[in-house]
Amino acid sequence: TKDHKLYAFGRSRLGELGDARFTQTGALLGFTPDPVLTNVASFAAGQSYSVAAKDDGTVWTWGHNDQHSALCDGTTTDRRVPTQLASVPGQVVQVAAFEGSTLMRTKDGALYACGNDANGQLGLATGSDSARWTPVTQPTRVPDVAVRSSVVVMGERYAAFSPDGCALHIAGVERAGAGIRGAAGRLEPDR
């Protein structure tokens, strides 16, 4: 909301709503009448999980924490209420998420990534060996990146960011008929 409060509605089978009252294992539908979080500066929803940055720069995650550690806390434990991440250096001002992948931009322009990196979408993999793309269980700094714009986006197999609001850097894998037209193979974050 305009006053930086975050409410949630929809299914809460895996803790997606961040509301401890929804604890049954079945698919429940509901709306959180009280804010899930206050003082929210940025919010993103992944697949069955959520991530938020508060005005003070802290990062909070909740929901389903699959084998990729989508909640970026080094575990695979689901969280039914927002839980603060202790391992993010710097003051986070923006978050982006999709499926099990998360990006966090700090006030000084550093970009941190965590979660599913199966397609190299976090921009952390090196070389062309897809076996090296593994889950990133803790926020990890994307090397040689300074992002001064608010363009930080996650997609199905991609991530994109703009260091200056003009140039666009993309990481991930192209598959036939999806994503970036005219591109093929693995895309490096600096191209």
# chains A, B, ... in the order shown; residues from 1 in each chain; ligands from 1
call {"tool": "residues_around", "arguments": {"residues": "Ser69 of chain A", "least_positions_apart": "6", "cutoff": "7 Å", "atoms": "only C-alpha atoms", "output": "list in words"}}
result
Thr75, Thr76, Gly115 and Thr137 of chain A
call {"tool": "write_last_selection", "arguments": {"atoms": "N, CA and C atoms", "output": "tab-separated table (two decimals), in the first residue's frame"}}
result
chain	number	residue	atom	x	y	z
A	75	THR	N	18.81	-23.13	4.05
A	75	THR	CA	18.06	-24.31	4.45
A	75	THR	C	17.05	-24.66	3.36
A	76	THR	N	16.29	-25.71	3.59
A	76	THR	CA	15.15	-26.05	2.74
A	76	THR	C	13.88	-26.09	3.59
A	115	GLY	N	19.26	-18.80	-4.70
A	115	GLY	CA	18.19	-19.69	-5.12
A	115	GLY	C	18.57	-20.54	-6.31
A	137	THR	N	22.58	-21.17	-2.12
A	137	THR	CA	21.76	-21.21	-0.91
A	137	THR	C	21.83	-19.97	-0.04
call {"tool": "residues_around", "arguments": {"residues": "His4 of chain A", "least_positions_apart": "2", "cutoff": "12 Å", "atoms": "only C-alpha atoms", "output": "list in words"}}
result
Thr1, Lys2, Leu6, Tyr7, Pro35, Val36, Leu37, Thr38, Asn39, Val40, Ala41, Ser42, Phe43, Ala52, Ala53, Lys54 and Asp55 of chain A
call {"tool": "residues_around", "arguments": {"residues": "Ala45 of chain A", "least_positions_apart": "4", "cutoff": "8 Å", "atoms": "only C-alpha atoms", "output": "list in words"}}
result
Tyr49, Ser50, Val51, Ala96, Ala97 and Phe98 of chain A
call {"tool": "write_last_selection", "arguments": {"atoms": "C-alpha atoms", "output": "compact mmCIF listing (two decimals), in the first residue's frame"}}
result
# COMPACT_ATOMS: atom_id res chain seq x y z
CA TYR A 49 7.46 -17.87 -1.85
CA SER A 50 7.93 -14.15 -1.34
CA VAL A 51 10.75 -11.73 -0.63
CA ALA A 96 13.20 -9.38 -7.79
CA ALA A 97 12.05 -13.03 -7.84
CA PHE A 98 10.73 -15.69 -10.17
call {"tool": "atom_distance", "arguments": {"atom1": "atom CA of Ser87 of chain A", "atom2": "atom CA of Met104 of chain A"}}
result
12.0 Å
call {"tool": "atom_distance", "arguments": {"atom1": "atom CA of Pro89 of chain A", "atom2": "atom CA of Asp108 of chain A"}}
result
10.7 Å
call {"tool": "residues_around", "arguments": {"residues": "Gly155 of chain A", "least_positions_apart": "5", "cutoff": "9 Å", "atoms": "only C-alpha atoms", "output": "PDB file with N, CA and C atoms, in the first residue's frame"}}
result
ATOM      1  N   ALA A  97      12.131 -11.570  -8.023  1.00  0.00           N
ATOM      2  CA  ALA A  97      12.050 -13.026  -7.837  1.00  0.00           C
ATOM      3  C   ALA A  97      11.227 -13.643  -8.947  1.00  0.00           C
ATOM      4  N   PHE A  98      11.549 -14.895  -9.266  1.00  0.00           N
ATOM      5  CA  PHE A  98      10.734 -15.694 -10.169  1.00  0.00           C
ATOM      6  C   PHE A  98      11.053 -17.147  -9.899  1.00  0.00           C
ATOM      7  N   GLU A  99      10.015 -17.974  -9.819  1.00  0.00           N
ATOM      8  CA  GLU A  99      10.176 -19.366  -9.455  1.00  0.00           C
ATOM      9  C   GLU A  99      11.072 -19.442  -8.228  1.00  0.00           C
ATOM     10  N   SER A 101      14.312 -18.247  -7.945  1.00  0.00           N
ATOM     11  CA  SER A 101      15.495 -17.384  -8.099  1.00  0.00           C
ATOM     12  C   SER A 101      15.216 -15.994  -7.561  1.00  0.00           C
ATOM     13  N   GLN A 121      20.714 -18.226 -14.685  1.00  0.00           N
ATOM     14  CA  GLN A 121      19.994 -16.958 -14.651  1.00  0.00           C
ATOM     15  C   GLN A 121      20.452 -16.014 -13.546  1.00  0.00           C
ATOM     16  N   ALA A 160      17.620 -10.016 -15.874  1.00  0.00           N
ATOM     17  CA  ALA A 160      18.094  -8.854 -16.612  1.00  0.00           C
ATOM     18  C   ALA A 160      18.228  -7.701 -15.650  1.00  0.00           C
ATOM     19  N   GLY A 179      11.742 -16.602 -24.649  1.00  0.00           N
ATOM     20  CA  GLY A 179      12.768 -15.665 -24.203  1.00  0.00           C
ATOM     21  C   GLY A 179      13.198 -14.682 -25.272  1.00  0.00           C
TER      22      GLY A 179
END
call {"tool": "residues_around", "arguments": {"residues": "segment 62-64 of chain A", "least_positions_apart": "5", "cutoff": "9 Å", "atoms": "only C-alpha atoms", "output": "PDB file with N, CA and C atoms, in the first residue's frame"}}
result
ATOM      1  N   SER A  12      -2.600 -20.372   0.364  1.00  0.00           N
ATOM      2  CA  SER A  12      -1.516 -20.444   1.345  1.00  0.00           C
ATOM      3  C   SER A  12      -1.298 -21.874   1.775  1.00  0.00           C
ATOM      4  N   ARG A  13      -0.932 -22.716   0.823  1.00  0.00           N
ATOM      5  CA  ARG A  13      -0.653 -24.105   1.140  1.00  0.00           C
ATOM      6  C   ARG A  13       0.752 -24.264   1.714  1.00  0.00           C
ATOM      7  N   LEU A  14       1.687 -23.433   1.264  1.00  0.00           N
ATOM      8  CA  LEU A  14       3.089 -23.577   1.649  1.00  0.00           C
ATOM      9  C   LEU A  14       3.622 -22.354   2.397  1.00  0.00           C
ATOM     10  N   GLY A  15       2.716 -21.525   2.921  1.00  0.00           N
ATOM     11  CA  GLY A  15       3.140 -20.342   3.654  1.00  0.00           C
ATOM     12  C   GLY A  15       3.245 -19.101   2.802  1.00  0.00           C
ATOM     13  N   GLU A  16       2.717 -19.138   1.589  1.00  0.00           N
ATOM     14  CA  GLU A  16       2.839 -18.022   0.659  1.00  0.00           C
ATOM     15  C   GLU A  16       2.315 -16.694   1.194  1.00  0.00           C
ATOM     16  N   LEU A  17       1.277 -16.761   2.041  1.00  0.00           N
ATOM     17  CA  LEU A  17       0.678 -15.521   2.534  1.00  0.00           C
ATOM     18  C   LEU A  17       1.457 -14.893   3.683  1.00  0.00           C
ATOM     19  N   GLY A  18       2.379 -15.635   4.254  1.00  0.00           N
ATOM     20  CA  GLY A  18       3.153 -15.072   5.357  1.00  0.00           C
ATOM     21  C   GLY A  18       2.339 -14.873   6.615  1.00  0.00           C
ATOM     22  N   GLN A  47       7.700 -18.431  -7.029  1.00  0.00           N
ATOM     23  CA  GLN A  47       6.730 -19.516  -7.096  1.00  0.00           C
ATOM     24  C   GLN A  47       6.568 -20.092  -5.702  1.00  0.00           C
ATOM     25  N   SER A  48       5.464 -19.791  -5.045  1.00  0.00           N
ATOM     26  CA  SER A  48       5.132 -20.254  -3.698  1.00  0.00           C
ATOM     27  C   SER A  48       6.028 -19.674  -2.612  1.00  0.00           C
ATOM     28  N   TYR A  49       6.675 -18.555  -2.875  1.00  0.00           N
ATOM     29  CA  TYR A  49       7.457 -17.872  -1.853  1.00  0.00           C
ATOM     30  C   TYR A  49       7.479 -16.380  -2.157  1.00  0.00           C
ATOM     31  N   SER A  50       7.867 -15.594  -1.171  1.00  0.00           N
ATOM     32  CA  SER A  50       7.929 -14.146  -1.337  1.00  0.00           C
ATOM     33  C   SER A  50       9.179 -13.600  -0.697  1.00  0.00           C
ATOM     34  N   VAL A  51       9.587 -12.423  -1.162  1.00  0.00           N
ATOM     35  CA  VAL A  51      10.752 -11.730  -0.628  1.00  0.00           C
ATOM     36  C   VAL A  51      10.434 -10.236  -0.587  1.00  0.00           C
ATOM     37  N   SER A  69      16.857 -23.761  -2.034  1.00  0.00           N
ATOM     38  CA  SER A  69      16.871 -22.782  -0.952  1.00  0.00           C
ATOM     39  C   SER A  69      16.377 -21.430  -1.469  1.00  0.00           C
ATOM     40  N   ALA A  70      15.165 -21.446  -2.018  1.00  0.00           N
ATOM     41  CA  ALA A  70      14.579 -20.239  -2.593  1.00  0.00           C
ATOM     42  C   ALA A  70      14.505 -19.089  -1.594  1.00  0.00           C
ATOM     43  N   LEU A  71      14.421 -19.399  -0.304  1.00  0.00           N
ATOM     44  CA  LEU A  71      14.353 -18.344   0.708  1.00  0.00           C
ATOM     45  C   LEU A  71      15.724 -17.793   1.066  1.00  0.00           C
ATOM     46  N   THR A  76      16.291 -25.714   3.591  1.00  0.00           N
ATOM     47  CA  THR A  76      15.153 -26.049   2.743  1.00  0.00           C
ATOM     48  C   THR A  76      13.876 -26.089   3.589  1.00  0.00           C
ATOM     49  N   THR A  77      13.880 -25.367   4.691  1.00  0.00           N
ATOM     50  CA  THR A  77      12.752 -25.313   5.615  1.00  0.00           C
ATOM     51  C   THR A  77      11.756 -24.244   5.177  1.00  0.00           C
ATOM     52  N   ASP A  78      10.489 -24.616   5.003  1.00  0.00           N
ATOM     53  CA  ASP A  78       9.444 -23.652   4.677  1.00  0.00           C
ATOM     54  C   ASP A  78       9.268 -22.684   5.846  1.00  0.00           C
ATOM     55  N   ARG A  79       8.910 -21.451   5.533  1.00  0.00           N
ATOM     56  CA  ARG A  79       8.664 -20.419   6.552  1.00  0.00           C
ATOM     57  C   ARG A  79       7.261 -19.873   6.335  1.00  0.00           C
ATOM     58  N   ARG A  80       6.417 -19.997   7.354  1.00  0.00           N
ATOM     59  CA  ARG A  80       5.031 -19.529   7.229  1.00  0.00           C
ATOM     60  C   ARG A  80       4.877 -18.043   7.565  1.00  0.00           C
ATOM     61  N   VAL A  81       5.890 -17.456   8.153  1.00  0.00           N
ATOM     62  CA  VAL A  81       5.865 -16.022   8.457  1.00  0.00           C
ATOM     63  C   VAL A  81       7.159 -15.399   7.934  1.00  0.00           C
ATOM     64  N   PRO A  82       7.156 -14.104   7.635  1.00  0.00           N
ATOM     65  CA  PRO A  82       8.370 -13.449   7.171  1.00  0.00           C
ATOM     66  C   PRO A  82       9.507 -13.622   8.170  1.00  0.00           C
ATOM     67  N   THR A  83      10.674 -14.014   7.652  1.00  0.00           N
ATOM     68  CA  THR A  83      11.859 -14.241   8.468  1.00  0.00           C
ATOM     69  C   THR A  83      13.001 -13.426   7.885  1.00  0.00           C
TER      70      THR A  83
END
call {"tool": "closest_residue", "arguments": {"among": "A:Asn119, A:Gln94, A:Thr140, A:Thr102", "to": "Asp56 of chain A", "atoms": "only C-alpha atoms"}}
result
A:Gln94
call {"tool": "atom_distance", "arguments": {"atom1": "atom CA of Asp144 of chain A", "atom2": "atom CA of Val173 of chain A"}}
result
20.2 Å
call {"tool": "select_by_dssp", "arguments": {"residues": "segment 89-166 of chain A", "states": "strand (DSSP E or B)", "output": "ChimeraX atom specification"}}
result
/A:92-98,101-106,111-115,136-141,152-154,158-161
